[in-house]
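Engineer: Supplied structure: upload-v7.pdb, PDB, C-alpha atoms.
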```pdb
MODEL        1
ATOM      1  CA  MET A   1      26.620 -32.530 -57.911
ATOM      2  CA  ILE A   2      26.318 -29.680 -55.419
ATOM      3  CA  SER A   3      28.222 -30.270 -52.182
ATOM      4  CA  PRO A   4      26.492 -30.724 -48.792
ATOM      5  CA  THR A   5      27.937 -27.368 -47.712
ATOM      6  CA  ALA A   6      26.159 -25.653 -50.571
ATOM      7  CA  VAL A   7      22.953 -27.395 -49.533
ATOM      8  CA  VAL A   8      23.208 -25.866 -46.049
ATOM      9  CA  LEU A   9      23.988 -22.413 -47.364
ATOM     10  CA  ASP A  10      21.410 -22.241 -50.092
ATOM     11  CA  LEU A  11      18.528 -24.662 -49.577
ATOM     12  CA  LEU A  12      15.865 -23.003 -51.667
ATOM     13  CA  SER A  13      17.990 -22.481 -54.775
ATOM     14  CA  ASN A  14      19.233 -26.086 -54.690
ATOM     15  CA  GLU A  15      15.931 -27.943 -54.431
ATOM     16  CA  GLU A  16      16.852 -30.083 -57.442
ATOM     17  CA  ALA A  17      20.003 -31.326 -55.694
ATOM     18  CA  HIS A  18      17.986 -32.085 -52.585
ATOM     19  CA  TRP A  19      15.487 -34.109 -54.501
ATOM     20  CA  ASN A  20      18.223 -36.023 -56.310
ATOM     21  CA  ALA A  21      19.826 -36.836 -52.938
ATOM     22  CA  VAL A  22      16.519 -38.186 -51.658
ATOM     23  CA  GLN A  23      15.868 -40.223 -54.774
ATOM     24  CA  THR A  24      19.359 -41.779 -54.717
ATOM     25  CA  ARG A  25      19.426 -42.069 -50.898
ATOM     26  CA  ASP A  26      22.806 -40.349 -50.878
ATOM     27  CA  GLU A  27      24.348 -40.934 -47.413
ATOM     28  CA  SER A  28      26.774 -38.048 -47.915
ATOM     29  CA  PHE A  29      23.821 -35.710 -47.393
ATOM     30  CA  ASP A  30      22.649 -37.343 -44.147
ATOM     31  CA  GLY A  31      24.587 -34.994 -41.897
ATOM     32  CA  GLU A  32      23.492 -31.892 -43.792
ATOM     33  CA  LEU A  33      19.971 -32.500 -45.020
ATOM     34  CA  LEU A  34      16.589 -33.749 -43.872
ATOM     35  CA  TYR A  35      13.449 -34.072 -45.908
ATOM     36  CA  ALA A  36       9.946 -34.011 -44.468
ATOM     37  CA  VAL A  37       6.910 -35.652 -46.035
ATOM     38  CA  ARG A  38       3.829 -33.481 -45.881
ATOM     39  CA  SER A  39       1.296 -36.261 -46.311
ATOM     40  CA  THR A  40       2.623 -38.333 -43.380
ATOM     41  CA  GLY A  41       4.066 -35.550 -41.220
ATOM     42  CA  VAL A  42       7.419 -37.417 -40.925
ATOM     43  CA  TYR A  43      10.993 -36.263 -41.534
ATOM     44  CA  CYS A  44      13.841 -38.587 -42.636
ATOM     45  CA  ARG A  45      17.441 -38.678 -43.779
ATOM     46  CA  PRO A  46      17.990 -38.960 -47.539
ATOM     47  CA  SER A  47      19.383 -42.491 -47.028
ATOM     48  CA  CYS A  48      16.281 -43.703 -45.183
ATOM     49  CA  PRO A  49      14.586 -46.503 -47.180
ATOM     50  CA  SER A  50      11.256 -46.209 -45.337
ATOM     51  CA  ARG A  51       9.882 -43.286 -47.362
ATOM     52  CA  LYS A  52       9.305 -42.901 -51.102
ATOM     53  CA  PRO A  53       7.638 -39.489 -51.259
ATOM     54  CA  ARG A  54       6.106 -37.780 -54.205
ATOM     55  CA  ARG A  55       8.053 -34.680 -55.077
ATOM     56  CA  GLU A  56       5.131 -32.351 -54.413
ATOM     57  CA  GLY A  57       4.827 -33.687 -50.871
ATOM     58  CA  VAL A  58       8.372 -32.896 -49.688
ATOM     59  CA  ARG A  59       9.989 -30.076 -47.707
ATOM     60  CA  PHE A  60      13.703 -29.778 -46.931
ATOM     61  CA  PHE A  61      15.406 -28.848 -43.644
ATOM     62  CA  THR A  62      18.945 -28.689 -42.309
ATOM     63  CA  ARG A  63      18.171 -29.614 -38.675
ATOM     64  CA  PRO A  64      15.614 -31.791 -36.853
ATOM     65  CA  GLU A  65      14.661 -28.802 -34.684
ATOM     66  CA  LEU A  66      13.540 -26.861 -37.758
ATOM     67  CA  ALA A  67      11.471 -29.790 -39.006
ATOM     68  CA  GLU A  68       9.802 -30.196 -35.615
ATOM     69  CA  GLN A  69       9.089 -26.477 -35.345
ATOM     70  CA  ALA A  70       7.301 -26.811 -38.682
ATOM     71  CA  GLY A  71       5.091 -29.546 -37.197
ATOM     72  CA  PHE A  72       6.824 -32.711 -38.477
ATOM     73  CA  ARG A  73       7.737 -35.712 -36.329
ATOM     74  CA  ALA A  74      10.830 -37.926 -36.470
ATOM     75  CA  CYS A  75      11.032 -41.109 -38.495
ATOM     76  CA  LYS A  76      11.187 -44.074 -36.109
ATOM     77  CA  ARG A  77      13.656 -45.926 -38.332
ATOM     78  CA  CYS A  78      16.310 -43.309 -39.122
ATOM     79  CA  HIS A  79      15.840 -40.940 -36.146
ATOM     80  CA  PRO A  80      15.083 -43.313 -33.249
ATOM     81  CA  ARG A  81      16.317 -40.922 -30.541
ATOM     82  CA  MET A  82      14.265 -38.008 -31.789
ATOM     83  CA  TYR A  83      11.301 -40.342 -32.232
ATOM     84  CA  GLU A  84      11.481 -41.559 -28.616
ATOM     85  CA  ALA A  85      12.013 -38.019 -27.316
ATOM     86  CA  ALA A  86       8.931 -36.866 -29.221
ATOM     87  CA  ARG A  87       6.890 -39.752 -27.806
ATOM     88  CA  GLN A  88       8.017 -38.878 -24.294
ATOM     89  CA  ASN A  89       7.100 -35.227 -24.842
ATOM     90  CA  MET A  90       3.671 -36.287 -26.070
ATOM     91  CA  ARG A  91       3.148 -38.352 -22.916
ATOM     92  CA  ILE A  92       4.188 -35.406 -20.750
ATOM     93  CA  ASP A  93       1.885 -33.069 -22.672
ATOM     94  CA  GLU A  94      -1.026 -35.474 -22.208
ATOM     95  CA  GLU A  95      -0.365 -35.811 -18.482
ATOM     96  CA  LEU A  96      -0.136 -32.033 -18.176
ATOM     97  CA  ARG A  97      -3.404 -31.627 -20.063
ATOM     98  CA  LEU A  98      -5.108 -33.985 -17.618
ATOM     99  CA  ALA A  99      -3.557 -32.126 -14.661
ATOM    100  CA  ILE A 100      -4.963 -28.851 -15.993
ATOM    101  CA  GLN A 101      -8.421 -30.390 -16.310
ATOM    102  CA  VAL A 102      -8.298 -31.804 -12.783
ATOM    103  CA  GLN A 103      -7.200 -28.486 -11.296
ATOM    104  CA  GLU A 104      -9.857 -26.537 -13.188
ATOM    105  CA  ARG A 105     -12.538 -28.854 -11.779
ATOM    106  CA  LEU A 106     -11.325 -28.032  -8.266
ATOM    107  CA  TYR A 107     -11.990 -24.327  -8.706
ATOM    108  CA  PRO A 108     -15.325 -23.142  -7.310
ATOM    109  CA  PRO A 109     -17.883 -21.337  -9.467
ATOM    110  CA  LYS A 110     -16.465 -17.911 -10.281
ATOM    111  CA  ALA A 111     -19.494 -16.169  -8.794
ATOM    112  CA  PHE A 112     -21.480 -16.607  -5.575
ATOM    113  CA  SER A 113     -24.703 -14.881  -4.594
ATOM    114  CA  SER A 114     -26.827 -14.971  -1.451
ATOM    115  CA  SER A 115     -29.353 -12.770   0.318
ATOM    116  CA  TYR A 116     -26.629 -10.873   2.174
ATOM    117  CA  CYS A 117     -23.525 -10.831  -0.042
ATOM    118  CA  GLU A 118     -22.118 -11.474  -3.483
ATOM    119  CA  ALA A 119     -18.642 -12.698  -4.454
ATOM    120  CA  VAL A 120     -16.543 -13.304  -7.567
ATOM    121  CA  GLY A 121     -13.131 -14.923  -7.889
ATOM    122  CA  ALA A 122     -10.523 -15.567 -10.557
ATOM    123  CA  LEU A 123      -7.178 -17.277 -10.983
ATOM    124  CA  HIS A 124      -4.670 -16.542 -13.758
ATOM    125  CA  SER A 125      -1.763 -18.982 -13.821
ATOM    126  CA  CYS A 126       1.658 -17.946 -15.087
ATOM    127  CA  ARG A 127       2.272 -21.559 -16.168
ATOM    128  CA  GLU A 128       0.073 -24.422 -17.282
ATOM    129  CA  VAL A 129      -0.967 -25.263 -13.711
ATOM    130  CA  ALA A 130      -1.186 -22.941 -10.725
ATOM    131  CA  GLY A 131       0.180 -22.858  -7.189
ATOM    132  CA  ASP A 132      -2.504 -20.369  -6.136
ATOM    133  CA  TYR A 133      -5.813 -21.551  -4.753
ATOM    134  CA  PHE A 134      -9.110 -19.902  -3.895
ATOM    135  CA  ASP A 135     -12.428 -21.229  -2.677
ATOM    136  CA  LEU A 136     -15.903 -20.061  -1.658
ATOM    137  CA  LEU A 137     -17.537 -22.378   0.874
ATOM    138  CA  PRO A 138     -21.180 -21.711   1.785
ATOM    139  CA  ASN A 139     -22.661 -23.819   4.573
ATOM    140  CA  GLY A 140     -25.858 -24.441   2.623
ATOM    141  CA  HIS A 141     -28.144 -22.485   4.937
ATOM    142  CA  ASP A 142     -27.501 -18.974   3.605
ATOM    143  CA  ALA A 143     -26.070 -18.015   6.992
ATOM    144  CA  ASN A 144     -22.285 -18.128   6.601
ATOM    145  CA  LEU A 145     -19.760 -18.112   3.796
ATOM    146  CA  MET A 146     -16.085 -19.050   4.103
ATOM    147  CA  VAL A 147     -13.567 -17.377   1.783
ATOM    148  CA  ALA A 148     -10.194 -19.085   1.332
ATOM    149  CA  LEU A 149      -7.241 -17.959  -0.751
ATOM    150  CA  GLY A 150      -3.789 -19.544  -0.639
ATOM    151  CA  ASP A 151      -0.454 -19.085  -2.377
ATOM    152  CA  VAL A 152       1.944 -22.040  -2.411
ATOM    153  CA  ALA A 153       5.668 -21.279  -2.479
ATOM    154  CA  GLY A 154       7.130 -22.051  -5.889
ATOM    155  CA  LYS A 155       5.624 -22.645  -9.314
ATOM    156  CA  GLY A 156       4.819 -25.477 -11.684
ATOM    157  CA  ILE A 157       3.720 -29.057 -11.053
ATOM    158  CA  GLY A 158       5.052 -29.298  -7.487
ATOM    159  CA  ALA A 159       3.261 -26.134  -6.380
ATOM    160  CA  ALA A 160       0.081 -27.259  -8.141
ATOM    161  CA  LEU A 161       0.112 -30.598  -6.301
ATOM    162  CA  LEU A 162       0.504 -28.835  -2.959
ATOM    163  CA  SER A 163      -2.242 -26.381  -3.933
ATOM    164  CA  SER A 164      -4.588 -29.292  -4.649
ATOM    165  CA  SER A 165      -3.641 -30.840  -1.316
ATOM    166  CA  LEU A 166      -4.412 -27.541   0.426
ATOM    167  CA  HIS A 167      -7.786 -27.413  -1.315
ATOM    168  CA  ALA A 168      -8.659 -30.940  -0.197
ATOM    169  CA  ALA A 169      -7.546 -30.347   3.405
ATOM    170  CA  ILE A 170      -9.618 -27.186   3.789
ATOM    171  CA  ARG A 171     -12.678 -28.739   2.175
ATOM    172  CA  PHE A 172     -12.429 -31.802   4.415
ATOM    173  CA  HIS A 173     -11.863 -30.011   7.713
ATOM    174  CA  ALA A 174     -14.130 -27.005   7.096
ATOM    175  CA  GLY A 175     -17.214 -29.033   7.941
ATOM    176  CA  LEU A 176     -15.653 -30.601  11.042
ATOM    177  CA  LEU A 177     -14.012 -27.679  12.806
ATOM    178  CA  GLY A 178     -15.556 -24.460  14.034
ATOM    179  CA  GLY A 179     -13.687 -21.202  13.606
ATOM    180  CA  CYS A 180     -10.838 -20.118  11.368
ATOM    181  CA  THR A 181      -7.991 -20.682  13.835
ATOM    182  CA  ALA A 182      -8.796 -24.353  14.436
ATOM    183  CA  LEU A 183      -9.041 -24.953  10.692
ATOM    184  CA  VAL A 184      -5.788 -23.161   9.881
ATOM    185  CA  ALA A 185      -3.975 -24.992  12.695
ATOM    186  CA  ARG A 186      -5.173 -28.361  11.390
ATOM    187  CA  VAL A 187      -4.188 -27.487   7.808
ATOM    188  CA  ASN A 188      -0.778 -26.310   9.037
ATOM    189  CA  GLU A 189      -0.153 -29.630  10.797
ATOM    190  CA  TYR A 190      -1.334 -31.606   7.778
ATOM    191  CA  LEU A 191       0.911 -29.757   5.309
ATOM    192  CA  TYR A 192       3.906 -29.907   7.638
ATOM    193  CA  ASN A 193       3.588 -33.680   7.984
ATOM    194  CA  SER A 194       2.841 -34.450   4.329
ATOM    195  CA  SER A 195       5.073 -32.020   2.386
ATOM    196  CA  PRO A 196       8.808 -31.522   1.783
ATOM    197  CA  VAL A 197      10.628 -29.385   4.339
ATOM    198  CA  GLU A 198      10.892 -26.374   2.027
ATOM    199  CA  SER A 199       7.193 -26.405   1.104
ATOM    200  CA  TYR A 200       4.711 -24.011   2.651
ATOM    201  CA  ALA A 201       1.803 -21.789   1.669
ATOM    202  CA  THR A 202       0.403 -18.451   2.723
ATOM    203  CA  LEU A 203      -3.314 -18.643   3.453
ATOM    204  CA  PHE A 204      -6.195 -16.330   4.293
ATOM    205  CA  LEU A 205      -9.407 -17.748   5.735
ATOM    206  CA  GLY A 206     -12.380 -15.493   6.350
ATOM    207  CA  GLN A 207     -15.858 -16.461   7.499
ATOM    208  CA  ILE A 208     -18.906 -14.245   7.086
ATOM    209  CA  ASP A 209     -21.095 -14.480  10.180
ATOM    210  CA  ASN A 210     -24.317 -13.113   8.755
ATOM    211  CA  ALA A 211     -26.296 -13.384  12.009
ATOM    212  CA  ASN A 212     -23.877 -11.073  13.830
ATOM    213  CA  LYS A 213     -22.749  -9.121  10.748
ATOM    214  CA  LEU A 214     -19.081  -9.977  11.342
ATOM    215  CA  LEU A 215     -16.099 -11.116   9.316
ATOM    216  CA  ARG A 216     -14.023 -13.542  11.393
ATOM    217  CA  TYR A 217     -10.627 -14.253   9.847
ATOM    218  CA  THR A 218      -7.122 -15.677  10.240
ATOM    219  CA  ASN A 219      -4.237 -14.574   8.047
ATOM    220  CA  ALA A 220      -1.427 -17.138   7.807
ATOM    221  CA  GLY A 221       1.385 -15.053   6.338
ATOM    222  CA  HIS A 222      -0.721 -13.884   3.401
ATOM    223  CA  SER A 223      -0.847 -10.514   1.635
ATOM    224  CA  TYR A 224      -3.111  -8.305   3.722
ATOM    225  CA  PRO A 225      -6.645  -8.343   2.299
ATOM    226  CA  VAL A 226      -8.336  -4.969   1.946
ATOM    227  CA  LEU A 227     -11.723  -4.201   3.491
ATOM    228  CA  LEU A 228     -13.048  -1.047   1.867
ATOM    229  CA  ARG A 229     -15.971   0.379   3.789
ATOM    230  CA  HIS A 230     -18.986   1.813   2.033
ATOM    231  CA  SER A 231     -18.059   5.012   3.925
ATOM    232  CA  GLY A 232     -14.590   5.052   2.289
ATOM    233  CA  GLU A 233     -12.541   3.803   5.269
ATOM    234  CA  THR A 234      -9.858   1.223   4.424
ATOM    235  CA  LEU A 235      -8.827  -1.660   6.717
ATOM    236  CA  TYR A 236      -6.010  -4.181   6.199
ATOM    237  CA  LEU A 237      -6.567  -7.656   7.666
ATOM    238  CA  SER A 238      -3.282  -8.831   9.170
ATOM    239  CA  GLU A 239      -4.112 -10.887  12.282
ATOM    240  CA  GLY A 240      -3.010 -14.523  12.143
ATOM    241  CA  GLY A 241       0.408 -16.187  12.160
ATOM    242  CA  LEU A 242       3.030 -17.970  10.070
ATOM    243  CA  PRO A 243       2.403 -19.518   6.643
ATOM    244  CA  VAL A 244       0.990 -23.042   6.881
ATOM    245  CA  GLY A 245       3.377 -25.971   6.577
ATOM    246  CA  MET A 246       6.368 -23.984   7.881
ATOM    247  CA  ASP A 247       6.302 -24.862  11.605
ATOM    248  CA  ARG A 248       4.304 -27.749  13.057
ATOM    249  CA  ARG A 249       4.024 -25.946  16.405
ATOM    250  CA  ALA A 250       2.829 -22.641  14.940
ATOM    251  CA  THR A 251      -0.153 -21.037  16.648
ATOM    252  CA  TYR A 252      -2.732 -18.780  15.048
ATOM    253  CA  SER A 253      -4.957 -15.997  16.262
ATOM    254  CA  GLU A 254      -8.324 -14.890  14.965
ATOM    255  CA  SER A 255      -9.762 -11.427  14.652
ATOM    256  CA  SER A 256     -13.181 -10.103  13.695
ATOM    257  CA  VAL A 257     -14.392  -6.887  12.111
ATOM    258  CA  PRO A 258     -17.973  -5.677  11.748
ATOM    259  CA  LEU A 259     -19.538  -5.707   8.316
ATOM    260  CA  PHE A 260     -21.900  -3.068   6.977
ATOM    261  CA  PRO A 261     -24.022  -2.931   3.828
ATOM    262  CA  GLY A 262     -21.916  -1.973   0.832
ATOM    263  CA  ASP A 263     -18.560  -3.023   2.373
ATOM    264  CA  LEU A 264     -16.155  -4.514  -0.168
ATOM    265  CA  LEU A 265     -13.586  -7.214   0.734
ATOM    266  CA  ALA A 266     -10.656  -7.856  -1.625
ATOM    267  CA  VAL A 267      -8.484 -10.953  -0.996
ATOM    268  CA  PHE A 268      -5.597 -11.449  -3.426
ATOM    269  CA  SER A 269      -2.263 -13.191  -3.950
ATOM    270  CA  ASP A 270       1.035 -11.315  -4.098
ATOM    271  CA  GLY A 271       1.303 -12.039  -7.833
ATOM    272  CA  ILE A 272      -1.032  -9.096  -8.375
ATOM    273  CA  VAL A 273       0.690  -6.408  -6.317
ATOM    274  CA  GLU A 274       4.175  -7.652  -7.311
ATOM    275  CA  GLN A 275       3.482  -7.647 -11.053
ATOM    276  CA  ARG A 276       6.092  -5.445 -12.738
ATOM    277  CA  ASN A 277       5.942  -3.235 -15.797
ATOM    278  CA  ASP A 278       8.560  -2.524 -18.467
ATOM    279  CA  ALA A 279      10.262  -0.001 -16.170
ATOM    280  CA  GLY A 280      10.581  -2.525 -13.343
ATOM    281  CA  GLU A 281       7.915  -0.884 -11.153
ATOM    282  CA  GLU A 282       5.557  -3.055  -9.114
ATOM    283  CA  PHE A 283       1.794  -2.647  -9.404
ATOM    284  CA  GLY A 284       1.684  -2.261  -5.632
ATOM    285  CA  ASN A 285      -1.037  -2.011  -3.022
ATOM    286  CA  HIS A 286      -1.655   1.663  -3.713
ATOM    287  CA  ARG A 287      -2.707   1.052  -7.320
ATOM    288  CA  LEU A 288      -4.935  -1.825  -6.251
ATOM    289  CA  VAL A 289      -6.662   0.316  -3.604
ATOM    290  CA  GLN A 290      -7.115   3.129  -6.118
ATOM    291  CA  LEU A 291      -8.808   0.685  -8.493
ATOM    292  CA  LEU A 292     -11.037  -0.632  -5.695
ATOM    293  CA  ARG A 293     -12.096   2.907  -4.770
ATOM    294  CA  ALA A 294     -12.811   3.819  -8.387
ATOM    295  CA  ASN A 295     -15.029   0.736  -8.831
ATOM    296  CA  HIS A 296     -16.383   0.436  -5.305
ATOM    297  CA  ARG A 297     -20.056   0.707  -6.232
ATOM    298  CA  ARG A 298     -19.915  -0.954  -9.635
ATOM    299  CA  PRO A 299     -20.979  -4.582 -10.278
ATOM    300  CA  LEU A 300     -18.381  -7.081  -9.105
ATOM    301  CA  GLN A 301     -17.980  -8.510 -12.593
ATOM    302  CA  THR A 302     -17.153  -4.980 -13.769
ATOM    303  CA  LEU A 303     -14.570  -4.697 -10.993
ATOM    304  CA  ARG A 304     -13.107  -8.036 -11.988
ATOM    305  CA  HIS A 305     -12.739  -7.018 -15.639
ATOM    306  CA  ALA A 306     -11.319  -3.646 -14.576
ATOM    307  CA  LEU A 307      -8.562  -5.324 -12.555
ATOM    308  CA  ASP A 308      -7.662  -7.754 -15.341
ATOM    309  CA  HIS A 309      -7.552  -4.944 -17.911
ATOM    310  CA  THR A 310      -5.563  -2.617 -15.638
ATOM    311  CA  LEU A 311      -2.969  -5.298 -14.878
ATOM    312  CA  ARG A 312      -2.493  -6.078 -18.575
ATOM    313  CA  ALA A 313      -2.143  -2.397 -19.451
ATOM    314  CA  PHE A 314       0.286  -1.814 -16.578
ATOM    315  CA  SER A 315       2.452  -4.840 -17.421
ATOM    316  CA  GLY A 316       3.044  -3.814 -21.027
ATOM    317  CA  ASN A 317       5.552  -6.250 -22.513
ATOM    318  CA  GLU A 318       6.612  -7.586 -19.131
ATOM    319  CA  PRO A 319       5.401 -11.211 -18.811
ATOM    320  CA  GLN A 320       3.311 -12.412 -15.882
ATOM    321  CA  SER A 321       5.889 -13.704 -13.403
ATOM    322  CA  ASP A 322       3.620 -15.315 -10.785
ATOM    323  CA  ASP A 323       0.151 -16.768 -10.404
ATOM    324  CA  GLN A 324      -2.515 -14.130  -9.838
ATOM    325  CA  SER A 325      -5.696 -14.890  -7.913
ATOM    326  CA  TYR A 326      -8.299 -12.823  -6.126
ATOM    327  CA  VAL A 327     -11.743 -12.856  -4.550
ATOM    328  CA  PHE A 328     -13.999  -9.814  -4.298
ATOM    329  CA  LEU A 329     -16.875  -9.979  -1.821
ATOM    330  CA  ARG A 330     -19.435  -7.267  -1.117
ATOM    331  CA  MET A 331     -22.202  -7.014   1.453
ATOM    332  CA  ARG A 332     -25.512  -6.158  -0.105
ATOM    333  CA  LEU A 333     -27.289  -2.878   0.450
ATOM    334  CA  ALA A 334     -30.900  -3.232   1.507
ATOM    335  CA  GLY A 335     -32.983  -4.007  -1.571
ATOM    336  CA  GLN A 336     -29.996  -3.640  -3.905
ATOM    337  CA  THR A 337     -28.276  -6.151  -6.169
ATOM    338  CA  PHE A 338     -24.892  -5.773  -7.774
TER     339      PHE A 338
ENDMDL
END
```
Could you render the structure as structure tokens?
Structural biologist:
Amino acid sequence: MISPTAVVLDLLSNEEAHWNAVQTRDESFDGELLYAVRSTGVYCRPSCPSRKPRREGVRFFTRPELAEQAGFRACKRCHPRMYEAARQNMRIDEELRLAIQVQERLYPPKAFSSSYCEAVGALHSCREVAGDYFDLLPNGHDANLMVALGDVAGKGIGAALLSSSLHAAIRFHAGLLGGCTALVARVNEYLYNSSPVESYATLFLGQIDNANKLLRYTNAGHSYPVLLRHSGETLYLSEGGLPVGMDRRATYSESSVPLFPGDLLAVFSDGIVEQRNDAGEEFGNHRLVQLLRANHRRPLQTLRHALDHTLRAFSGNEPQSDDQSYVFLRMRLAGQTF
């Protein structure tokens, strides 16, 4: 009979020896050989009495990891540890799937349209769930629209939970408080009191005052949004204060800028401008502004696709290292749709 060492070194050429070991339940092969049953999707040791496979339904492996990579699961009887680990992983995967569904339901519609402006937003997570957050909050009377975009420190489940908490806090208080500063201050206090010490989020809140043709905003430590005028002038919106959740006593200031037909507002997370390429270069604000200028008068969905395509092309083989979210909002020209 061929030795277990030979089995490890030359699996394919020794299939007959493998099958004989399975048929005789040879324990000397247990440390060197596994067989997996195609019809049941289970892998066992040769000495396991719980499987009597047909020869045409068997594959051979040297390690449990290889069998699992091929889509087989552990036998409960002869691989109890692997079986329990697989069950635990399945539970985690199911919980993560539900978390993804819940978070996706929290996102607003990706497009908003009214008589005076139009907006689109998107969020691309670097993991299964995102720590970024964006929202579009109309007041229902076609008079004002609030734009919110936040970036929670960190990644993964913890950041996603805080992002969902941020979403709920803004939605709850937006209808109770007037003005961006009062809302940001309340959200700051809420996050500080309900989150771990090291948790915080950058946040931009902007409110379109259609009656007065103004954008009122507060920037809580967030990447500076870009307001690109229809005339070509570029403004960066920096007025505000510290990230929310960092200091319970933080105070915030509000600023306002006039809005004109054709003006384009771009609010984005730092995952966009800090995306690197194969050479280690960051995408940067200058490339983003160039893209905004090149697509200033095109439909917002075209601008959205242009940014996604440009980021992918720029990144090359470099993976996405952070969540990427953005909102584009444009004031309508008289009698014009985008």
Engineer: Could you state the separation of CA of Gly221 (chain A) and CA of Ser199 (chain A) in Å, given to one decimal place?
Structural biologist: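 Going from CA of Gly221 (chain A) over to CA of Ser199 (chain A) covers 13.8 Å.
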Engineer: One number please: CA of Ala74 (chain A) to CA of Ala17 (chain A), in Å, one decimal.
Structural biologist: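 Between CA of Ala74 (chain A) and CA of Ala17 (chain A) the gap is 22.3 Å.
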Engineer: Out of A:Asp30, A:Pro299, A:Glu281, A:Lys155, which residue has the shortest atom-to-atom distance to Ser321 (chain A) when counting only C-alpha atoms?
Structural biologist: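 Comparing A:Asp30, A:Pro299, A:Glu281, A:Lys155 against Ser321 (chain A), the winner is A:Lys155.
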Engineer: Run the PyMOL selection byres ((chain A and resi 42) around 7) on the file and write out the hits as a list in words.
Structural biologist: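 This file gives the following for the PyMOL selection byres ((chain A and resi 42) around 7): Ala36, Val37, Thr40, Gly41, Tyr43, Cys44, Phe72, Arg73, Ala74 and Cys75 of chain A.
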Engineer: Could you expand the PyMOL selection byres ((chain A and resi 204-211) around 9) into the explicit residues it covers here, written as a count of residues only?
Structural biologist: 34
Engineer: Could you check the closest approach to Glu56 (chain A) for each of A:Glu15, A:Asp26, A:Glu68, A:Glu239 and tell me which residue wins, using all atoms listed in the file?
Structural biologist: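 Among the listed residues, A:Glu15 lies closest to Glu56 (chain A).
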Engineer: For Asp322 (chain A), which of A:Arg287, A:Ser114, A:Asp132, A:Pro196 is the closest residue, counting only C-alpha atoms?
Structural biologist: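 Closest candidate: A:Asp132.
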Engineer: Which residues are near Glu27 (chain A)? Cut-off 10 Å, only C-alpha atoms, ignore same chain within fewer than 3 positions. Put them as a ChimeraX atom specification.
Structural biologist: /A:21-22,24,30-33,45-48
Engineer: Kindly give the distance, in Å, that separates CA of Leu34 (chain A) and CA of Arg81 (chain A), rounded to a single decimal.
Structural biologist: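 A separation of 15.1 Å between them.
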Engineer: With the file shown as input, list the residues that the PyMOL selection byres ((chain A and resi 227-230) around 7) selects, as an mmCIF file with C-alpha atoms, in the frame of the given file.
Structural biologist:
```cif
data_model
loop_
_atom_site.group_PDB
_atom_site.id
_atom_site.type_symbol
_atom_site.label_atom_id
_atom_site.label_comp_id
_atom_site.auth_asym_id
_atom_site.auth_seq_id
_atom_site.Cartn_x
_atom_site.Cartn_y
_atom_site.Cartn_z
ATOM 1 C CA PRO A 225 -6.645 -8.343 2.299
ATOM 2 C CA VAL A 226 -8.336 -4.969 1.946
ATOM 3 C CA SER A 231 -18.059 5.012 3.925
ATOM 4 C CA GLY A 232 -14.590 5.052 2.289
ATOM 5 C CA GLU A 233 -12.541 3.803 5.269
ATOM 6 C CA THR A 234 -9.858 1.223 4.424
ATOM 7 C CA LEU A 235 -8.827 -1.660 6.717
ATOM 8 C CA TYR A 236 -6.010 -4.181 6.199
ATOM 9 C CA GLY A 262 -21.916 -1.973 0.832
ATOM 10 C CA ASP A 263 -18.560 -3.023 2.373
ATOM 11 C CA LEU A 264 -16.155 -4.514 -0.168
ATOM 12 C CA LEU A 265 -13.586 -7.214 0.734
ATOM 13 C CA ALA A 266 -10.656 -7.856 -1.625
#
```
Engineer: Could N, CA and C atoms be built for region 109-118 of chain A and written out as a PDB file, in the coordinates of the input?
Structural biologist:
```
ATOM      1  N   PRO A 109     -17.270 -22.251  -8.502  1.00  0.00           N
ATOM      2  CA  PRO A 109     -17.883 -21.337  -9.467  1.00  0.00           C
ATOM      3  C   PRO A 109     -17.304 -19.936  -9.281  1.00  0.00           C
ATOM      4  N   LYS A 110     -17.120 -19.215 -10.366  1.00  0.00           N
ATOM      5  CA  LYS A 110     -16.465 -17.911 -10.281  1.00  0.00           C
ATOM      6  C   LYS A 110     -17.350 -16.831  -9.693  1.00  0.00           C
ATOM      7  N   ALA A 111     -18.593 -17.150  -9.398  1.00  0.00           N
ATOM      8  CA  ALA A 111     -19.494 -16.169  -8.794  1.00  0.00           C
ATOM      9  C   ALA A 111     -20.344 -16.859  -7.743  1.00  0.00           C
ATOM     10  N   PHE A 112     -20.632 -16.129  -6.658  1.00  0.00           N
ATOM     11  CA  PHE A 112     -21.480 -16.607  -5.575  1.00  0.00           C
ATOM     12  C   PHE A 112     -22.453 -15.491  -5.220  1.00  0.00           C
ATOM     13  N   SER A 113     -23.701 -15.882  -4.942  1.00  0.00           N
ATOM     14  CA  SER A 113     -24.703 -14.881  -4.594  1.00  0.00           C
ATOM     15  C   SER A 113     -25.619 -15.430  -3.514  1.00  0.00           C
ATOM     16  N   SER A 114     -25.898 -14.609  -2.504  1.00  0.00           N
ATOM     17  CA  SER A 114     -26.827 -14.971  -1.451  1.00  0.00           C
ATOM     18  C   SER A 114     -27.649 -13.737  -1.099  1.00  0.00           C
ATOM     19  N   SER A 115     -28.485 -13.878  -0.076  1.00  0.00           N
ATOM     20  CA  SER A 115     -29.353 -12.770   0.318  1.00  0.00           C
ATOM     21  C   SER A 115     -28.585 -11.626   0.960  1.00  0.00           C
ATOM     22  N   TYR A 116     -27.359 -11.902   1.429  1.00  0.00           N
ATOM     23  CA  TYR A 116     -26.629 -10.873   2.174  1.00  0.00           C
ATOM     24  C   TYR A 116     -25.309 -10.445   1.536  1.00  0.00           C
ATOM     25  N   CYS A 117     -24.788 -11.224   0.586  1.00  0.00           N
ATOM     26  CA  CYS A 117     -23.525 -10.831  -0.042  1.00  0.00           C
ATOM     27  C   CYS A 117     -23.414 -11.443  -1.427  1.00  0.00           C
ATOM     28  N   GLU A 118     -22.429 -10.948  -2.151  1.00  0.00           N
ATOM     29  CA  GLU A 118     -22.118 -11.474  -3.483  1.00  0.00           C
ATOM     30  C   GLU A 118     -20.607 -11.531  -3.616  1.00  0.00           C
TER      31      GLU A 118
END
```
